[in-house]
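Presented below is the structure to which this report refers.
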2 protein chains.
Amino acid sequence: MYGSEYNKVTDKIIEGLKDICGEDYVIHDKDSMESYTHDELSTAEVKGEYPEVIVKPDSTEKISQVMKLANEKKIPVTPIGGKTGLTGGMIPVYGGIGLLLERLNKKIEVDEDNLMVEVDAGVTMNELYEAVEKKGLTLPIHPTTGDSQVGGTIAANAGGEATLKHGVMRDYVKGLEVVLPNGEILKLGGKLLKNNTGYSLLHLLIGSEGTLATITKAILRLYPSSEESKFIIVPFDSGQNAIKTVSDMMKKGIMPVGIEYLEKETITHGQKKVNENWPTEIGEATLMILVSGENEDEILEQAQKIMLICQERGAGEAFLATKRQEMEKIMKIREGIAEVIQEGNVTGHRSGDLVVPPSKIPELIDKAKKIFNESKLEGTFYAFGHAGDGNVHIEGKLPEEGVDWNEVKKVRDKWIQEAIDLGGDITGEHGIGLIKKPELRKFKSKEELRLMEGIKKLFDPNNILNPGKIVPEDEEIERRYIKI
Amino acid sequence: MYGSEYNKVTDKIIEGLKDICGEDYVIHDKDSMESYTHDELSTAEVKGEYPEVIVKPDSTEKISQVMKLANEKKIPVTPIGGKTGLTGGMIPVYGGIGLLLERLNKKIEVDEDNLMVEVDAGVTMNELYEAVEKKGLTLPIHPTTGDSQVGGTIAANAGGEATLKHGVMRDYVKGLEVVLPNGEILKLGGKLLKNNTGYSLLHLLIGSEGTLATITKAILRLYPSSEESKFIIVPFDSGQNAIKTVSDMMKKGIMPVGIEYLEKETITHGQKKVNENWPTEIGEATLMILVSGENEDEILEQAQKIMLICQERGAGEAFLATKRQEMEKIMKIREGIAEVIQEGNVTGHRSGDLVVPPSKIPELIDKAKKIFNESKLEGTFYAFGHAGDGNVHIEGKLPEEGVDWNEVKKVRDKWIQEAIDLGGDITGEHGIGLIKKPELRKFKSKEELRLMEGIKKLFDPNNILNPGKIVPEDEEIERRYIKI
């Protein structure tokens, strides 16, 4: 640890913050701050924490002033966006200032000549999509819930369902304005499709989860929005056969937007949860394939090619969801699955977001299932994931009482080790945040951790910006906030 | 400066290097080292420099041992790939060890299931393309000459003609194996389409020009190779009209692979140089549009749409090069242009690779031409570039004698300032290397430079890896090697 002898937020500092942000935009009564204590991470897993004060600046300049004050007085600052994260990345574990970005939401400037949008960090993704679509353009990925904010989505390098064809946030971010922990404002990149001017601070900041700088503005690349998309549901008799069709398709030049993988048990529980029927027989494994094209004919043509490929691997009868209600019903079951899995005691988010080479998904699932079944844990094993991009969610649903949490920890560590042995990594999209720090330290090399810690120190020598996340180590904090 | 009290390569160190690499793979007679003194940067602009010794290790482990020895003895090491750079990035300005990657070229392992290739850093791009195409797959960008090596191409984050549709090297690199200056080996990423496990050291290393670590292996994403491509040549009566069609196309959902922009004078000189005729009338500005599709029909359909869009902006009669000879003739003239511009005294590479938002290209060219014509310089102004991606090459061809180099410097700085004022940056694809360091320091903020220097120090505290490039400042070196 370094620099963590923080000071408390005094009345004088609150006065200073009011001078910067305006009287109405500094909040410090506890009742009004409850919603800023945690993100969407299950509170069963992590205890939330109150900031000492919430500020709502509406300009980059004001954020810069807040940071200068905090840096001088050694007060921790935690940037807070849409609070849609799943890793506790915005929990203000050392108290201090909660820096809300929500009022930095005025600018959404679509540049139709350069196919770029310049947007304030506090704009929500839904607001962004609306503004962009009004101009007949699109940001082809929908990486998170629409309530997440642009800045947070970039800080998390969010991914989502369309990754296979359209990539992750990193692929769209061409420019950033950020405020460093010392209050300096940096403008990186621009409306530029190429830029090799020195080390890419831009790409270092993407995915750094608000621990190196606060994102205040972004320039994102847009595309013409000529595409429609539809789901194809295809049941298979085995996971291996399902997964093999993914590379079969791509070898034949077919690149679906995204491919979701579902095991039998997950679908049956999902159906029950939302009381809807799955539109096909339920195979041992099922693919939900999202295909896109300029028009319905193109989609149909592609769908036929895909179904043929699936048949060659022995798939059952497929279903093409052409109507909106059909799409919605399928999505409802898909959401039901996520809900049912996350209710009550579960193995949890710390191993729930593994990523492996796409072809290794069935192997990872088989091994993870075996580890779970051979452990002392009671409960049910679930697996589903983005088959196209190798990001698989595995989860054990545990009894309501009497869970041996040390055994859970062992099982999770074994799952992670299997993923790494298969050429994978700890987290494909959710990131490290607060909860995966022990795993980062356990599974990454000393040298890699040394470099990450050095980068943190370089950007934030007083460790005031979103401290306690990713690096460095703080056993007390981890014991205090993470259940196990 | 820091850590630059280097030691000389002694006989004992040469013995140590021979123990590591083998007797035959350590060269230190001056005659055999001439070709390792400079890259493709015009020697008129930069003086080359001899390394004290050349080593040719054929494994990551041996490179690690070389680095450990060099780090312990404080001897500079310059990684040397295909020597196709244009910034002096591999000139061993402090002598020391020239680390050739060319024997690290055994592995090209195409993974058809995951559409990835794992490849040794010393493999040339031509060898890579051949191996990948044999499997019916493709790496869609051709960022450099085929003689460049994979490692160097990633270290430079090379771009090229197909950037508009297919991006730059960064977009394809999913995994790296690198050797740090202290000899530690890091494996970053993998055959993974998503990875948010801590700060992205992978993306920090891409484009770091061999100054932070030596790339020894890479994992690159591949695509199905179903596409053919053809050129359309379209003459316009003004640069503005030509450039405006670029966004016209994209708004209508047409995304060409790449779009080159040529001014009248560049074409006439290029024609003369290679003694070939341009296939259309020569407009004030011309677009060379590369379109692709699954088959000839699809290309023709797209070409017709594009020509219609161009006509709406008053374009002259277009030409679609369908035959191989036609394509080759056009490329020959295009290469002739590059040659004729770079012969003799020129304003040079330090401002020759500016990048702006694509829509700003005509404005940059107009302003740059005005600056050149209003300066004390005699000669001819040329401009051509990747219109689609905003990377424009501007150049003044100067008399053979009596050039006022201080005035050249002033003109170049004004060009760069114009690019920056238009939202652009110093270098779109060639990078900083040795020659653009003064410009990096002049045009980047103190804070950005502080962070870049801190990153260099973190990775390479003794400043032994490719020292003298990007950062830090060394006025003596710059005076010695850069002409002006």
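Residue names in the structure tokens use chain letters A, B, ... in the order shown, residue numbers from 1 in each chain, and ligand numbers from 1 in the order shown.
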
(request) Show which residues sit within 10 Å of Val173 (chain A), as an MDAnalysis selection string. Count only C-alpha atoms, and ignore same-chain residues fewer than 5 positions away. (result) chainID A and resid 116:117 154 157 168 189:193 202:203 206 218:222

Next, write the just-selected residues to a file, as a compact mmCIF listing (two decimals), in the first residue's frame, keeping N, CA, C and O atoms as the atom set.
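Everything below was put into again.txt:
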# COMPACT_ATOMS: atom_id res chain seq x y z
N MET A 116 -18.63 10.13 -36.63
CA MET A 116 -18.15 10.07 -35.26
C MET A 116 -19.20 10.79 -34.39
O MET A 116 -19.96 11.62 -34.88
N VAL A 117 -19.18 10.47 -33.10
CA VAL A 117 -19.99 11.24 -32.16
C VAL A 117 -19.10 11.68 -31.01
O VAL A 117 -18.26 10.92 -30.54
N ILE A 154 -16.91 2.86 -21.23
CA ILE A 154 -15.53 2.88 -21.76
C ILE A 154 -14.54 2.45 -20.68
O ILE A 154 -13.63 1.67 -20.92
N ASN A 157 -14.56 -1.06 -20.59
CA ASN A 157 -14.40 -1.72 -21.90
C ASN A 157 -15.47 -2.79 -22.08
O ASN A 157 -15.17 -3.97 -22.33
N VAL A 168 -15.74 -4.85 -29.09
CA VAL A 168 -16.04 -4.29 -27.77
C VAL A 168 -15.87 -2.77 -27.82
O VAL A 168 -15.50 -2.21 -28.84
N GLY A 189 -6.19 11.44 -28.59
CA GLY A 189 -6.80 11.01 -29.84
C GLY A 189 -7.71 12.07 -30.42
O GLY A 189 -7.50 13.27 -30.20
N GLY A 190 -8.74 11.70 -31.13
CA GLY A 190 -9.64 12.64 -31.76
C GLY A 190 -10.52 11.91 -32.76
O GLY A 190 -10.70 10.70 -32.66
N LYS A 191 -11.04 12.65 -33.74
CA LYS A 191 -11.88 11.99 -34.76
C LYS A 191 -10.95 11.35 -35.79
O LYS A 191 -10.99 11.66 -36.98
N LEU A 192 -10.10 10.50 -35.30
CA LEU A 192 -8.99 9.97 -36.09
C LEU A 192 -9.07 8.46 -36.16
O LEU A 192 -9.24 7.79 -35.14
N LEU A 193 -8.93 7.93 -37.37
CA LEU A 193 -8.99 6.48 -37.54
C LEU A 193 -7.63 5.83 -37.37
O LEU A 193 -7.52 4.62 -37.31
N LEU A 202 -4.52 6.49 -24.53
CA LEU A 202 -5.94 6.24 -24.79
C LEU A 202 -6.29 4.78 -24.52
O LEU A 202 -7.23 4.48 -23.77
N HIS A 203 -5.53 3.87 -25.10
CA HIS A 203 -5.85 2.45 -24.95
C HIS A 203 -5.51 1.93 -23.56
O HIS A 203 -6.09 0.94 -23.11
N ILE A 206 -8.69 2.93 -21.56
CA ILE A 206 -9.89 2.12 -21.84
C ILE A 206 -9.77 0.83 -21.03
O ILE A 206 -8.75 0.16 -21.07
N ALA A 218 -15.96 11.59 -24.75
CA ALA A 218 -15.42 10.56 -25.64
C ALA A 218 -15.81 10.86 -27.08
O ALA A 218 -16.83 11.49 -27.35
N ILE A 219 -14.96 10.44 -27.98
CA ILE A 219 -15.29 10.44 -29.40
C ILE A 219 -15.38 8.99 -29.84
O ILE A 219 -14.44 8.22 -29.66
N LEU A 220 -16.54 8.61 -30.37
CA LEU A 220 -16.78 7.22 -30.76
C LEU A 220 -17.04 7.14 -32.26
O LEU A 220 -17.68 8.02 -32.84
N ARG A 221 -16.54 6.07 -32.87
CA ARG A 221 -16.79 5.87 -34.29
C ARG A 221 -18.19 5.29 -34.50
O ARG A 221 -18.61 4.40 -33.77
N LEU A 222 -18.87 5.79 -35.53
CA LEU A 222 -20.20 5.29 -35.85
C LEU A 222 -20.19 4.59 -37.21
O LEU A 222 -19.24 4.74 -37.98

(request) Would you please give, as number ranges by chain, all residues of region 11-130 of chain B that DSSP assigns to strand (DSSP E or B) based on the backbone? (result) B: 26-27, 46, 53-55, 77-80, 97-100, 108-111, 116-120, 124

(message) Please list as a ChimeraX atom specification every residue within 7 Å of Ile289 (chain B), counting only C-alpha atoms and excluding residues in the same chain fewer than 4 positions away.
(response) /B:231-233,256,258-260

Using the selection just defined, write its residues with N, CA, C and O atoms as an mmCIF file, in the first residue's frame.
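To be explicit, this is the file written out as out-v7.cif:
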data_model
loop_
_atom_site.group_PDB
_atom_site.id
_atom_site.type_symbol
_atom_site.label_atom_id
_atom_site.label_comp_id
_atom_site.auth_asym_id
_atom_site.auth_seq_id
_atom_site.Cartn_x
_atom_site.Cartn_y
_atom_site.Cartn_z
ATOM 1 N N PHE B 231 -10.382 -1.628 -57.945
ATOM 2 C CA PHE B 231 -10.256 -0.175 -57.846
ATOM 3 C C PHE B 231 -11.275 0.552 -58.717
ATOM 4 O O PHE B 231 -11.501 0.156 -59.858
ATOM 5 N N ILE B 232 -11.816 1.643 -58.199
ATOM 6 C CA ILE B 232 -12.545 2.596 -59.048
ATOM 7 C C ILE B 232 -11.773 3.911 -58.994
ATOM 8 O O ILE B 232 -11.420 4.376 -57.909
ATOM 9 N N ILE B 233 -11.535 4.498 -60.157
ATOM 10 C CA ILE B 233 -10.844 5.783 -60.226
ATOM 11 C C ILE B 233 -11.873 6.844 -60.601
ATOM 12 O O ILE B 233 -12.565 6.693 -61.607
ATOM 13 N N PRO B 256 -16.256 1.375 -48.393
ATOM 14 C CA PRO B 256 -15.169 0.832 -49.202
ATOM 15 C C PRO B 256 -14.030 0.341 -48.304
ATOM 16 O O PRO B 256 -13.947 0.722 -47.137
ATOM 17 N N GLY B 258 -10.836 0.990 -48.789
ATOM 18 C CA GLY B 258 -9.956 2.135 -48.595
ATOM 19 C C GLY B 258 -10.209 3.160 -49.686
ATOM 20 O O GLY B 258 -10.768 2.841 -50.741
ATOM 21 N N ILE B 259 -9.853 4.410 -49.399
ATOM 22 C CA ILE B 259 -10.013 5.468 -50.396
ATOM 23 C C ILE B 259 -8.751 6.317 -50.393
ATOM 24 O O ILE B 259 -8.392 6.906 -49.373
ATOM 25 N N GLU B 260 -8.073 6.362 -51.538
ATOM 26 C CA GLU B 260 -6.879 7.194 -51.672
ATOM 27 C C GLU B 260 -7.253 8.498 -52.371
ATOM 28 O O GLU B 260 -8.068 8.511 -53.294
#

(message) Set the distance at 10 Å and use only C-alpha atoms: which residues neighbour region 451-465 of chain A once local chain neighbours fewer than 6 positions away are removed? I'd like the list as number ranges by chain.
(response) A: 1-6, 67, 70-79, 94, 96-97, 180-182, 204, 208, 210-214, 471-473; B: 198-201, 450-455, 457-459

(request) For Glu317 (chain B), please output as a ChimeraX atom specification all residues within 9 Å (counting only C-alpha atoms; exclusion window: fewer than 5 positions along the same chain). (result) /B:233-235,280-281,307,311

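One finds CA of Gln271 (chain A) at 26.8 Å from CA of Gln304 (chain A).
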
(message) My list of candidates is B:Tyr382, B:Tyr25, B:Tyr50, B:Phe443. Which is closest to chain A when distances are computed with only C-alpha atoms?
(response)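 Under the stated criterion, the closest residue is B:Phe443.
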